[in-house]
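Everything on this sheet refers to the single structure shown next.
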Amino acid sequence: MGGLKFHVLMYPWFATGHMTPFLFLANKLAEKGHTVTFLIPKKALKQLENLNLFPHNIVFRSVTVPHVDGLPVGTETVSEIPVTSADLLMSAMDLTRDQVEGVVRAVEPDLIFFDFAHWIPEVARDFGLKTVKYVVVSASTIASMLVPGGELGVPPPGYPSSKVLLRKQDAYTMKNLESTNTINVGPNLLERVTTSLMNSDVIAIRTAREIEGNFCDYIEKHCRKKVLLTGPVFPEPDKTRELEERWVKWLSGYEPDSVVFCALGSQVILEKDQFQELCLGMELTGSPFLVAVKPPRGSSTIQEALPEGFEERVKGRGVVWGEWVQQPLLLSHPSVGCFVSHCGFGSMWESLLSDCQIVLVPQLGDQVLNTRLLSDELKVSVEVAREETGWFSKESLFDAINSVMKRDSEIGNLVKKNHTKWRETLTSPGLVTGYVDNFIESLQDLVSGTNHVSK
Ligand SMILES: O=c1ccn([C@@H]2O[C@H](COP(=O)(O)OP(=O)(O)O[C@H]3O[C@H](CO)[C@@H](O)[C@H](O)[C@H]3O)[C@@H](O)[C@H]2O)c(=O)[nH]1
């Protein structure tokens with residue numbers, strides 16, 4: 001595709017689930033000859049560098065994250081702290097405004113992409129630049145935030161679904177997010193998101209019309225501005241890295257589609273009793289399993305938190321791992337047949353791309369909405385039942401896994417059939433590139449009406 005080449009400055013929220021999809025999109029822009037300055041904290045650089053497929057066109061710049069009271073010295077990303085302290089890190093991000101202005105002056109971008117740094121449109125205005133609020137959670141999450149304060153389970157007027165909703169029993173997700181700090185840190189997440197939506201020139205969402213078209217229309221109407229879709233922007237397969245030898249070796253001992261793999265993303269830290277119940281539920285399945293989660297609250301290692309006698313009982317067929325694993329590569333391994341996921345938005349797309357059976361155990365509000373989208377609207381997965389307190393038992397985890405893994409299970413066959421259909425739709429030739437090409441054209445239109453930064 002020809003036309004105007006532009007230069008984007010990207011400044012995502014300091015979280016893996018945000019920086020990574022921004023970089024996936026940067027790769028798509030760079031592939032077409034556009035250039036990107038990618039602004040992130042130093043520590044994140046190490047994790048992201050290898051995902052940069054076009055180092056000539058995508059240049060990382062690091063930002064120094066100032067210390068704020070209440071956070072451990074040196075904190076730079078949200079994966080280093082409990083999610084309940086995220087608001088403190090957001091206020092640290094607010095203190096980087098001078099640095100961002102310096103970078104804008106130095107690199108003279110045409111556009112700025114941001115998500116939680118709600119003051120970016122003000123900075124951009126001073127330089128005569130346009131801004132794109134890039135949403136890397138589901139459109140349904142944003143739609144449900146636009147009319148806050150309603151009763152759980154009751155759709156606000158005009159809201160496009162009676163299924164993709166938080167229900168009364170999802171109140172636990174709010175508790176999981178509740179800030180634990182007592183210091184005033186400025187706007188809360190909801191205020192940041194709504195200010196960003198209202199003040200940006202354009203809203204862009206990492207989603208596909210085929211799946212969330214009605215939510216995108218709702219947002220467009222509500223925010224009275226253009227909503228552009230980038231499509232799912234799947235990660236490019238990393239051809240330079242193979243699955244770690246230890247997992248290749250371990251998985252090779254199992255039949256195709258027999259292993260249950262559980263991962264809960266980059267942020268979730270379970271309470272110890274819930275972590276143990278998760279382990280016991282996996283044990284109950286009788287299947288080989290790999291659980292990759294962070295050590296639970298109050299424990300520094302996985303080992304010390306395991307249920308009594310668990311290790312001996314599952315020896316040889318069950319592994320609980322406290323460190324990062326290569327999720328996309330594990331999902332595409334032939335022995336892995338079931339993915340138990342928290343349904344973060346990144347994992348949602350990866351689960352749809354895989355041919356594993358999907359079992360969902362969401363922890364935060366947006367993950368619940370993604371779960372309802374997959375389980376209740378698309379019917380490609382099952383959700384683990386929870387009690388009113390939010391607790392899920394080993395039996396309910398076992399029931400959900402068993403319902404999709406049992407041979408000839410009616411629900412198992414149904415979700416498999418629907419999942420196959422959606423995977424084929426999403427990977428159909430031209431779908432992803434069509435979204436990216438249209439998106440780039442819209443950005444070219446936006447930029448051609450823009451003044452370059454004044455020197
Ligand atoms: O051991 C691991 C754990 C995760 N991942 C990858 O890390 C990404 C995780 O992204 P996501 O599934 O979106 O999870 P989180 O980072 O936990 O999600 C945060 O960001 C998401 C937005 O992208 C939100 O939907 C979630 O609520 C929020 O917790 C995915 O690409 C995974 O493949 C790994 O490769 N290995």
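Identifiers for the structure tokens are assigned positionally: chains receive A, B, ... in sequence, residues are indexed from 1 per chain, and ligands are indexed from 1 in the order shown.
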Query - 8 Å contact set for segment 68-77 of chain A, only C-alpha atoms, chain neighbours under 4 positions out, as a PyMOL selection string - result: chain A and resi 14-15+41-44+81+85+88-89+91-92+181
Query - Nearby residues, ligand 1, 9 Å, only C-alpha atoms and all ligand atoms, as number ranges by chain - result: A: 15-21, 79, 83, 135-138, 141, 235, 263-268, 292-294, 321-331, 341-350, 362-368, 370
Report task. Go through segment 298-389 of chain A and collect every residue that DSSP, computed from the backbone, puts in alpha helix (DSSP H); the answer should be as JSON, numbers by chain. Result -> {"A": [310, 311, 312, 313, 314, 327, 328, 329, 330, 331, 345, 346, 347, 348, 349, 350, 351, 352, 353, 365, 366, 367, 368, 369, 370, 371, 372]}
Report task. Determine which residues of segment 218-386 of chain A DSSP labels as strand (DSSP E) from the backbone of this structure, then write them out as a list in words. Result -> Val227, Leu228, Leu229, Val259, Val260, Phe261, Cys262, Ala263, Phe289, Leu290, Val291, Ala292, Gly318, Val319, Val320, Trp321, Val336, Gly337, Cys338, Phe339, Val340, Ser341, Gln357, Ile358, Val359, Leu360, Ser381, Val382 and Glu383 of chain A
Requested in this report: With a distance cut-off of 10 Å and only C-alpha atoms, select the neighbouring residues of Gly449 of chain A, excluding the residue or stretch itself and same-chain residues fewer than 5 positions from it, and output the selection as a ChimeraX atom specification.
Outcome: /A:129-130,444
Query raised in the report: Residues at most 9 Å from Val227 of chain A, counting only C-alpha atoms, excluding those fewer than 3 positions away in the same chain, as a PyMOL selection string?
Result: chain A and resi 202-205+216-217+219-220
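You will find atom CA of Met405 of chain A at 9.0 Å from atom CA of Asp257 of chain A.
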Between segment 332-383 of chain A and segment 164-171 of chain A, at 7 Å or less, what are the per-residue closest atom pairs and their distances in Å? Count only C-alpha atoms, order by chain and rising residue number, and return it as JSON lines.
{"residue": "A:Val368", "atom": "CA", "partner": "A:Leu166", "partner_atom": "CA", "distance": 6.9}
{"residue": "A:Leu369", "atom": "CA", "partner": "A:Val164", "partner_atom": "CA", "distance": 5.5}
{"residue": "A:Arg372", "atom": "CA", "partner": "A:Val164", "partner_atom": "CA", "distance": 5.1}
{"residue": "A:Leu373", "atom": "CA", "partner": "A:Val164", "partner_atom": "CA", "distance": 5.6}
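Nearest residue to Ile112 of chain A among A:Ser299, A:Thr35, A:Ser335, A:Ser287 is A:Thr35, counting only C-alpha atoms.
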Query raised in the report: Which neighbours of Val260 of chain A fall inside 12 Å, counting only C-alpha atoms, when residues of the same chain fewer than 3 positions from it are skipped, and could you give them as a PyMOL selection string?
Result: chain A and resi 251+254-257+263+279+281-292+317-320+330-331+333-341+356-359+397-398+400-402+404-405
Report task. Check the smallest atom-to-atom distance from each of A:Pro55, A:Gly102, A:Pro148, A:Gly430 to Val36 of chain A using only C-alpha atoms, then report the winner. Result -> A:Pro55
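Counting from atom CA of Gly3 of chain A, the distance to atom CA of Tyr134 of chain A is 22.6 Å.
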Once you count only C-alpha atoms, what closest atom pair and distance in Å to one decimal does each residue of segment 203-314 of chain A within 12 Å of segment 152-161 of chain A have, with rows by chain and rising residue number, as a tab-separated table?
residue	atom	partner	partner_atom	distance
A:Glu212	CA	A:Pro160	CA	9.8
A:Gly213	CA	A:Pro160	CA	9.7
A:Asn214	CA	A:Pro160	CA	6.1
A:Phe215	CA	A:Pro160	CA	6.3
A:Cys216	CA	A:Pro160	CA	9.7
A:Asp217	CA	A:Pro160	CA	9.1
A:Tyr218	CA	A:Tyr159	CA	7.0
A:Ile219	CA	A:Tyr159	CA	9.6
A:Lys221	CA	A:Gly158	CA	10.1
A:His222	CA	A:Gly158	CA	9.8
